[in-house]
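> I am attaching a structure below and will ask some questions about it afterwards.
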Amino acid sequence: MPKYVIIGNSAGAIGAAEAIREVDPQGSLTIVSEEPHPAYSRPLISEFLCAERTLEKMLFRPQSFYQKHRVEARLGQKALRLDLERRQVEMEGGDKLSWEKLLLATGGTPIVPPTPGTDKKGVFTFTTLADAEALKAFLPGVRRAVVIGGGLIGMSVTEALRKCEVQVTVVELLDRVLGAIMDEPGSRMMEKRLREHDVNLCTGLTVKEVLGQPKKQDQVGSVTLSDDRNLPCDALVIAIGVRPRTQLATGTAIKVNRGIVVDARMATSVSGVYACGDVAEAYDYIQGEARLTPIWPNAHVGGLVAGRNMAGKETAYPGGTNANSLKYFGLPVASAGLVNPPEGNGYQSLTAYTEDSYKKVVLKGNRIVGLVLLGDIQKSGLLFGVMREGLDVSSFKEHLLSDSFGLSHLPEAVRRSRLEGKPVLTVGAR
Amino acid sequence: MACRLCEVACLVEHSRSRDLMKAYKREKPRAVARIRVEELGPLSFAMSCRHCEEPSCVRACLTGALSKDPETGIVSIDAEKCMGCWTCILFCPHGSIVPDVERGVAAKCDFCPHLETPACIAICPNRALLLAEEKTHA
Ligand SMILES: Cc1cc2nc3c(=O)[nH]c(=O)nc-3n(C[C@H](O)[C@H](O)[C@H](O)COP(=O)(O)OP(=O)(O)OC[C@H]3O[C@@H](n4cnc5c(N)ncnc54)[C@H](O)[C@@H]3O)c2cc1C
């Protein structure tokens with residue numbers, strides 16, 4: 001009877017556990033997670049911070065999940081080391097878990113820059129429920145906060161802090177917010193929205209030093225920016241992103257590049273060991289190579305593919321690219337693929353503006369390789385579907401950005417397959 | 001024939017009053033239709049959730065609000081869990097999930113759990129089309 005061990009208990013891990021149970025109802029299955037909670041939706045920690053949600057309403061699966069799927073959940077336990085020869089995970093506390101199939105779904109760790117003073121009280125990261133709990137407990141004394149990072153995680157914590165009536169300054173090294181997932185006009189629209197919500201923006205800048213309070217040197221009192229400006233603050237949140245949590249694999253025979261390298265089955269270079277999610281480098285069909293695409297849907301689909309393969313059902317990862325949909329400060333924003341194409345090189349961008357919306361489609365030849373939509377995102381699914389499928393858009397290019405764009409504009413065969421509900425680049429499609 | 005009666009029936013069925021006049025004129029926030037009619041030249045058809053075999057929306061959902069019932073095959077949204085991020089809308093290649101902007105949650109076809117026959121099918125004057133669709137769903 002096969003023994004499955006999954007390290008991690010989030011988007012990727014749950015996808016894998018469900019897939020294993022689809023194929024193999026019997027084999028023993030253990031999930032190990034350092035976090036003590038049942039799997040919860042990580043993006044919801046901001047709603048937890050501003051008290052809109054309790055843990056119960058953040059759970060990614062019903063309470064009965066582990067029991068129903070016959071999963072031994074070792075929550076609040078950390079895996080320390082892998083012994084690839086003996087096929088064992090060494091746990092903190094000395095336990096050893098044997099595996100026949102192992103999945104590394106260890107996600108990412110927040111990046112903390114080597115800025116002096118980040119060890120002070122009042123400095124937080126924002127990627128786990130525990131981070132949100134700690135920040136929330138600290139909030140009563142906080143009037144002003146600085147958030148380092150104007151990306152997705154920075155937007156999420158900034159919105160929650162504003163809802164708690166904290167004054168927020170966002171410090172972003174790039175010259176605009178959401179630089180990784182937005183083009184320039186998109187970022188500007190978001191920035192306008194941020195200002196309307198009284199968020200103070202410092203772009204093109206970074207924090208040079210974190211200073212203590214005059215009477216409490218070990219507690220954050222202000223930050224010095226790279227232009228020598230000093231910003232008083234009662235709390236500092238570092239939200240510049242995550243790096244793959246590869247420690248368990250590093251220094252072993254498992255091949256690690258920036259993330260753990262996996263093939264189309266989500267298998268690593270070591271037989272019986274798989275990886276998925278934020279820790280893995282999987283195939284990106286837009287870039288045409290394996291790379292990090294740290295988003296929830298890709299982690300979940302990667303986990304599903306890994307799980308089916310671990311249980312013996314050959315399944316190929318259809319590929320995934322960066323794709324996000326957000327609604328911070330009430331502004332819907334959707335983006336996918338290559339949103340800032342290199343100049344020339346055969347790329348073409350089509351754009352459409354109205355007073356409160358902006359749409360852009362990036363084409364390479366006759367194929368969509370990138371999307372940006374703000375304000376009105378209703379058509380994002382149809383467009384992303386066309387992009388994922390790699391359809392030649394030459395016969396309906398002029399309709400792509402029109403308000404009436406629909407399945408009716410697609411070639412008849414494609415429309416029929418959509419009407420029949422045929423999958424588009426999802427698991428099982430290839 | 002693009003009469004759009006299905007859109008109306010869907011909206012009314014998902015309103016609080018289930019009354020045509022109230023649903024359109026008085027209820028705030030107004031309910032949203034989860035079916036749309038597309039029309040282009042001689043072509044017209046109604047489109048709603050396909051309740052896919054391998055649903056991209058369920059796979060993409062950040063909160064676990066979307067799920068596919070293993071027995072009935074119905075893909076549904078738990079509005080309590082939905083955070084209104086519209087990730088499912090981005091991932092649905094059919095354009096079949098609609099943002100219920102005022103309630104801040106995503107809305108989609110739920111096969112009208114309170115009715116024997118979904119409202120869109122019951123009202124369609126051109127029965128063959130929608131009933132045939134129902135068959136492929138079930
Ligand atoms: C605030 C915030 C907002 C976000 N918003 C979005 C969004 O809008 N859209 C989107 O697509 N994505 C979003 N993301 C990103 C998304 O949450 C991640 O892509 C996703 O969680 C990755 O899932 P994963 O399964 O790879 O790993 P993770 O969710 O990182 O989970 C990994 C788990 O493994 C555990 N673990 C690691 N190492 C060990 C060990 N040695 N022993 C035991 N346990 C271990 C960790 O404790 C953790 O619980 C957001 C993230 C954050 C923080």
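By convention here, the chains of the structure tokens are called A, B, ... in the order presented, each chain's residues are numbered starting at 1, and ligands are numbered starting at 1 in the order presented.
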If you run DSSP on this backbone, which residues of chain B come out as alpha helix (DSSP H), and could you give them as an MDAnalysis selection string?
chainID B and resid 5:13 20:21 56:60 87:91 119:123 127:137
> Give me, as a CSV table (one decimal) with C-alpha atoms, in the first residue's frame, the set of residues whose atoms come within 6 Å of any atom of ligand 1, counting only C-alpha atoms and all ligand atoms.

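After the write, selection.csv holds the following:
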```csv
chain,number,residue,atom,x,y,z
A,7,ILE,CA,4.9,18.8,3.1
A,8,GLY,CA,2.7,21.9,3.1
A,9,ASN,CA,-1.0,22.3,3.7
A,10,SER,CA,-2.2,25.0,1.4
A,11,ALA,CA,-3.3,25.5,-2.3
A,12,GLY,CA,-0.9,22.9,-3.7
A,13,ALA,CA,-1.1,20.4,-0.9
A,32,VAL,CA,2.7,17.9,7.4
A,33,SER,CA,2.5,21.6,8.1
A,34,GLU,CA,4.4,24.0,10.3
A,35,GLU,CA,1.3,26.2,10.5
A,42,ARG,CA,-4.0,32.8,2.3
A,43,PRO,CA,-5.3,35.8,0.3
A,77,GLN,CA,4.9,20.3,13.0
A,78,LYS,CA,8.0,21.2,11.0
A,79,ALA,CA,9.9,19.0,8.6
A,80,LEU,CA,13.6,19.5,9.1
A,105,ALA,CA,4.4,22.0,-1.4
A,106,THR,CA,6.3,24.2,0.9
A,107,GLY,CA,5.4,27.5,-0.7
A,108,GLY,CA,7.4,30.7,-0.1
A,126,PHE,CA,2.4,39.5,5.9
A,127,THR,CA,2.1,36.1,4.4
A,153,ILE,CA,0.7,41.7,-0.9
A,156,SER,CA,-3.7,43.7,0.3
A,277,GLY,CA,3.2,25.7,-6.1
A,278,ASP,CA,5.2,28.7,-5.1
A,279,VAL,CA,8.3,26.5,-4.4
A,294,PRO,CA,3.6,32.1,-7.6
A,295,ILE,CA,-0.2,32.4,-7.8
A,296,TRP,CA,-2.9,30.3,-6.0
A,297,PRO,CA,-4.5,28.8,-9.0
A,299,ALA,CA,-0.3,26.0,-7.1
A,324,ASN,CA,-4.3,37.7,-11.2
A,326,LEU,CA,-7.9,41.6,-7.6
```
> For the interface of chain A with chain B (cut-off 8 Å, counting only C-alpha atoms), please tabulate each contacting residue of chain A alongside its nearest pair of atoms and their separation in Å to one decimal, rows sorted by chain and increasing number, as JSON lines.

```
{"residue": "A:Tyr40", "atom": "CA", "partner": "B:Thr63", "partner_atom": "CA", "distance": 7.6}
{"residue": "A:Ser41", "atom": "CA", "partner": "B:Thr63", "partner_atom": "CA", "distance": 5.0}
{"residue": "A:Pro43", "atom": "CA", "partner": "B:Leu62", "partner_atom": "CA", "distance": 7.0}
{"residue": "A:Leu44", "atom": "CA", "partner": "B:Thr63", "partner_atom": "CA", "distance": 7.5}
{"residue": "A:Lys57", "atom": "CA", "partner": "B:Lys81", "partner_atom": "CA", "distance": 6.2}
{"residue": "A:Met58", "atom": "CA", "partner": "B:Thr63", "partner_atom": "CA", "distance": 6.9}
{"residue": "A:Leu59", "atom": "CA", "partner": "B:Thr63", "partner_atom": "CA", "distance": 7.4}
{"residue": "A:Phe60", "atom": "CA", "partner": "B:Gly64", "partner_atom": "CA", "distance": 4.7}
{"residue": "A:Arg61", "atom": "CA", "partner": "B:Gly64", "partner_atom": "CA", "distance": 6.2}
{"residue": "A:Trp296", "atom": "CA", "partner": "B:Leu62", "partner_atom": "CA", "distance": 6.4}
{"residue": "A:Pro297", "atom": "CA", "partner": "B:Ala60", "partner_atom": "CA", "distance": 4.2}
{"residue": "A:Asn298", "atom": "CA", "partner": "B:Ala60", "partner_atom": "CA", "distance": 7.6}
{"residue": "A:His300", "atom": "CA", "partner": "B:Arg59", "partner_atom": "CA", "distance": 6.4}
{"residue": "A:Val301", "atom": "CA", "partner": "B:Arg59", "partner_atom": "CA", "distance": 6.3}
{"residue": "A:Asn324", "atom": "CA", "partner": "B:Thr87", "partner_atom": "CA", "distance": 6.7}
{"residue": "A:Ser325", "atom": "CA", "partner": "B:Thr87", "partner_atom": "CA", "distance": 4.9}
{"residue": "A:Leu326", "atom": "CA", "partner": "B:Cys85", "partner_atom": "CA", "distance": 5.0}
{"residue": "A:Lys327", "atom": "CA", "partner": "B:Cys85", "partner_atom": "CA", "distance": 5.5}
{"residue": "A:Pro332", "atom": "CA", "partner": "B:Cys85", "partner_atom": "CA", "distance": 7.7}
{"residue": "A:Ala334", "atom": "CA", "partner": "B:Leu90", "partner_atom": "CA", "distance": 7.1}
{"residue": "A:Ile377", "atom": "CA", "partner": "B:Leu90", "partner_atom": "CA", "distance": 7.9}
{"residue": "A:Gln378", "atom": "CA", "partner": "B:Val98", "partner_atom": "CA", "distance": 7.0}
{"residue": "A:Lys379", "atom": "CA", "partner": "B:Gly95", "partner_atom": "CA", "distance": 6.6}
{"residue": "A:Ser380", "atom": "CA", "partner": "B:Leu90", "partner_atom": "CA", "distance": 5.0}
{"residue": "A:Gly381", "atom": "CA", "partner": "B:Leu90", "partner_atom": "CA", "distance": 4.1}
{"residue": "A:Leu382", "atom": "CA", "partner": "B:Pro93", "partner_atom": "CA", "distance": 4.8}
{"residue": "A:Leu383", "atom": "CA", "partner": "B:Pro93", "partner_atom": "CA", "distance": 7.5}
{"residue": "A:Phe384", "atom": "CA", "partner": "B:Leu90", "partner_atom": "CA", "distance": 6.6}
{"residue": "A:Gly385", "atom": "CA", "partner": "B:Pro93", "partner_atom": "CA", "distance": 4.3}
{"residue": "A:Val386", "atom": "CA", "partner": "B:Pro93", "partner_atom": "CA", "distance": 7.5}
{"residue": "A:Gly406", "atom": "CA", "partner": "B:Glu38", "partner_atom": "CA", "distance": 7.1}
{"residue": "A:Leu407", "atom": "CA", "partner": "B:His94", "partner_atom": "CA", "distance": 7.4}
{"residue": "A:Ser408", "atom": "CA", "partner": "B:Leu40", "partner_atom": "CA", "distance": 6.4}
{"residue": "A:His409", "atom": "CA", "partner": "B:Leu40", "partner_atom": "CA", "distance": 7.9}
{"residue": "A:Arg418", "atom": "CA", "partner": "B:His94", "partner_atom": "CA", "distance": 6.3}
{"residue": "A:Leu419", "atom": "CA", "partner": "B:Arg50", "partner_atom": "CA", "distance": 7.3}
{"residue": "A:Glu420", "atom": "CA", "partner": "B:Arg50", "partner_atom": "CA", "distance": 7.1}
{"residue": "A:Gly421", "atom": "CA", "partner": "B:Arg50", "partner_atom": "CA", "distance": 5.0}
{"residue": "A:Lys422", "atom": "CA", "partner": "B:Cys52", "partner_atom": "CA", "distance": 7.2}
{"residue": "A:Pro423", "atom": "CA", "partner": "B:Glu54", "partner_atom": "CA", "distance": 6.7}
{"residue": "A:Val424", "atom": "CA", "partner": "B:Pro93", "partner_atom": "CA", "distance": 7.0}
{"residue": "A:Thr426", "atom": "CA", "partner": "B:Ser56", "partner_atom": "CA", "distance": 6.4}
{"residue": "A:Val427", "atom": "CA", "partner": "B:Glu54", "partner_atom": "CA", "distance": 6.9}
{"residue": "A:Gly428", "atom": "CA", "partner": "B:Glu54", "partner_atom": "CA", "distance": 7.8}
```
> From region 68-261 of chain A, collect each residue whose DSSP state is strand (DSSP E) and return the set as number ranges by chain.
A: 71-75, 79-83, 88-91, 96-98, 101-104, 108-110, 123-125, 144-148, 167-172, 200-203, 207-212, 220-225, 230-232, 235-238, 242-244, 260-261
